[in-house]
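J.: Below you will find the structure I want to go over with you.
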Amino acid sequence: MSRRSGILEFAVLGLLREAPMHGYELRKRLNTSLGIFRAFSYGTLYPCLKTLVASGWLIEEPGSAPEDALAASLAGRRAKIVYRLTAEGKEHFEELLSHTGPDTWEDEHFAARFAFFGQTEREVRMRVLEGRRSRLEERLEKMRASLARTRERLDDYTLELQRHGMESVEREVRWLNELIESERAGRDQRSGPDAPEGAAQHDNESGETGGLPRHGGSTRPDPSDDTAK
């Protein structure tokens, strides 16, 4: 399985955990909610869905609206198929959510993981965020070293492009620092001496996103921004 197809399967399982959908709805959600999939087609989505069905993680059901099925029949078209997550699919998705390996720190995979942080345990979120920050700090160090070596040989426009890329990475590192500090503050608050009994356990089970920073005028950078690569 390629990394790209693995990310798509993860995203499809995550969206279907929220509610059953047919292919058109899934493609729309993938394009609008997860911008990293904005360029993919039905020719990519449906083989992925078939694979997930064959694996036992999804089941296919006929559309629930009788009038839709009747209209499709009269028009000589097949009724829309709705895809629903199975119990095994939910368990598999939860296993994927708990994964915090180096691939979760890469641009596209991190963007997909972040989109489902609301369903992810706080400690897992922390490990993914810290790993992503470490990866970007390494990237930033290499970019600075490269710029220092080649500065004299670059024209003004190429130099400006290099600076723009560095600023993009620096901006995301600052954003990650804010998220990490907010997650830590939320964890400390819920595990403090005045926290209700069982609050920490409930937090892990619900995947609460109370650690997000609350301040106006700030937008997160796009982790898949080409300028940050």
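Ligands are numbered from 1 in the order shown, residues from 1 within each chain, and chains are lettered A, B, ... in the order they appear in the structure tokens.
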I'd like the contact shell of region 98-105 of chain A - 12 Å cut-off, only C-alpha atoms, skipping same-chain residues fewer than 3 positions apart - returned as a ChimeraX atom specification.

T.: /A:3-4,6-7,10,91-95,108-114,116-117,119-139,176,204,207,223-224

J.: Please provide as an MDAnalysis selection string all residues within 12 Å of Thr86 (chain A), with the sequence filter that same-chain residues fewer than 3 positions apart are discarded (counting only C-alpha atoms).

T.: chainID A and resid 13 16:17 19:20 52:61 83 89:93

J.: Can you tell me, as a VMD selection string, which residues in region 70-178 of chain A count as alpha helix (DSSP H) by DSSP?

T.: chain A and resid 70 to 74 87 to 97 107 to 115 122 to 150 156 to 178

J.: Between CA of Val12 (chain A) and CA of Leu26 (chain A), what is the spacing in Å?

T.: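 Straight-line distance from CA of Leu26 (chain A) to CA of Val12 (chain A) works out to 7.3 Å.
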
J.: Please build the interface table for region 117-144 of chain A against region 150-167 of chain A with a cut-off of 10 Å, listing for each qualifying residue the nearest atom pair and the distance in Å to one decimal; count only C-alpha atoms, order rows by chain and increasing number, and write it as a Markdown table.

T.:
```
| residue | atom | partner | partner_atom | distance |
| --- | --- | --- | --- | --- |
| A:Arg139 | CA | A:Met166 | CA | 9.1 |
| A:Leu140 | CA | A:Met166 | CA | 6.6 |
| A:Glu141 | CA | A:Met166 | CA | 9.5 |
| A:Met143 | CA | A:Met166 | CA | 6.9 |
| A:Arg144 | CA | A:Met166 | CA | 7.7 |
```

J.: Limited to all heavy atoms, could you put the picked residues into a file as a PDB file, in the first residue's frame?

T.:
```
ATOM      1  N   ARG A 139      14.099  20.198   9.710  1.00  0.00           N
ATOM      2  CA  ARG A 139      13.996  20.753   8.356  1.00  0.00           C
ATOM      3  C   ARG A 139      14.486  22.196   8.326  1.00  0.00           C
ATOM      4  O   ARG A 139      15.204  22.613   7.414  1.00  0.00           O
ATOM      5  CB  ARG A 139      12.551  20.688   7.885  1.00  0.00           C
ATOM      6  CG  ARG A 139      12.333  21.171   6.463  1.00  0.00           C
ATOM      7  CD  ARG A 139      10.866  21.132   6.089  1.00  0.00           C
ATOM      8  NE  ARG A 139      10.301  19.796   6.188  1.00  0.00           N
ATOM      9  CZ  ARG A 139       9.004  19.515   6.006  1.00  0.00           C
ATOM     10  NH1 ARG A 139       8.164  20.498   5.731  1.00  0.00           N
ATOM     11  NH2 ARG A 139       8.577  18.274   6.094  1.00  0.00           N
ATOM     12  N   LEU A 140      14.111  22.951   9.353  1.00  0.00           N
ATOM     13  CA  LEU A 140      14.503  24.356   9.422  1.00  0.00           C
ATOM     14  C   LEU A 140      16.014  24.504   9.557  1.00  0.00           C
ATOM     15  O   LEU A 140      16.624  25.378   8.930  1.00  0.00           O
ATOM     16  CB  LEU A 140      13.787  25.019  10.607  1.00  0.00           C
ATOM     17  CG  LEU A 140      13.826  26.538  10.688  1.00  0.00           C
ATOM     18  CD1 LEU A 140      13.254  27.171   9.432  1.00  0.00           C
ATOM     19  CD2 LEU A 140      13.057  27.001  11.928  1.00  0.00           C
ATOM     20  N   GLU A 141      16.621  23.643  10.359  1.00  0.00           N
ATOM     21  CA  GLU A 141      18.065  23.685  10.525  1.00  0.00           C
ATOM     22  C   GLU A 141      18.778  23.401   9.203  1.00  0.00           C
ATOM     23  O   GLU A 141      19.760  24.071   8.849  1.00  0.00           O
ATOM     24  CB  GLU A 141      18.491  22.665  11.583  1.00  0.00           C
ATOM     25  CG  GLU A 141      19.984  22.676  11.887  1.00  0.00           C
ATOM     26  CD  GLU A 141      20.358  21.696  12.983  1.00  0.00           C
ATOM     27  OE1 GLU A 141      19.443  21.154  13.636  1.00  0.00           O
ATOM     28  OE2 GLU A 141      21.564  21.464  13.172  1.00  0.00           O
ATOM     29  N   MET A 143      17.539  23.900   6.187  1.00  0.00           N
ATOM     30  CA  MET A 143      17.289  25.021   5.285  1.00  0.00           C
ATOM     31  C   MET A 143      18.214  26.188   5.590  1.00  0.00           C
ATOM     32  O   MET A 143      18.749  26.831   4.679  1.00  0.00           O
ATOM     33  CB  MET A 143      15.821  25.461   5.392  1.00  0.00           C
ATOM     34  CG  MET A 143      14.820  24.427   4.909  1.00  0.00           C
ATOM     35  SD  MET A 143      13.093  24.895   5.204  1.00  0.00           S
ATOM     36  CE  MET A 143      12.887  26.197   3.982  1.00  0.00           C
ATOM     37  N   ARG A 144      18.413  26.461   6.868  1.00  0.00           N
ATOM     38  CA  ARG A 144      19.307  27.557   7.249  1.00  0.00           C
ATOM     39  C   ARG A 144      20.741  27.263   6.837  1.00  0.00           C
ATOM     40  O   ARG A 144      21.455  28.161   6.353  1.00  0.00           O
ATOM     41  CB  ARG A 144      19.214  27.793   8.752  1.00  0.00           C
ATOM     42  CG  ARG A 144      17.917  28.461   9.197  1.00  0.00           C
ATOM     43  CD  ARG A 144      17.764  28.442  10.697  1.00  0.00           C
ATOM     44  NE  ARG A 144      16.578  29.188  11.134  1.00  0.00           N
ATOM     45  CZ  ARG A 144      16.022  29.057  12.327  1.00  0.00           C
ATOM     46  NH1 ARG A 144      16.531  28.192  13.207  1.00  0.00           N
ATOM     47  NH2 ARG A 144      14.947  29.770  12.645  1.00  0.00           N
TER      48      ARG A 144
END
```

J.: Name the residues in contact with Tyr46 (chain A) at a cut-off of 9 Å, using only C-alpha atoms, excluding same-chain residues fewer than 5 positions from it; report them as a list in words.

T.: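 Close residues of Tyr46 (chain A): Gly23, Ser41 and Thr51 of chain A.
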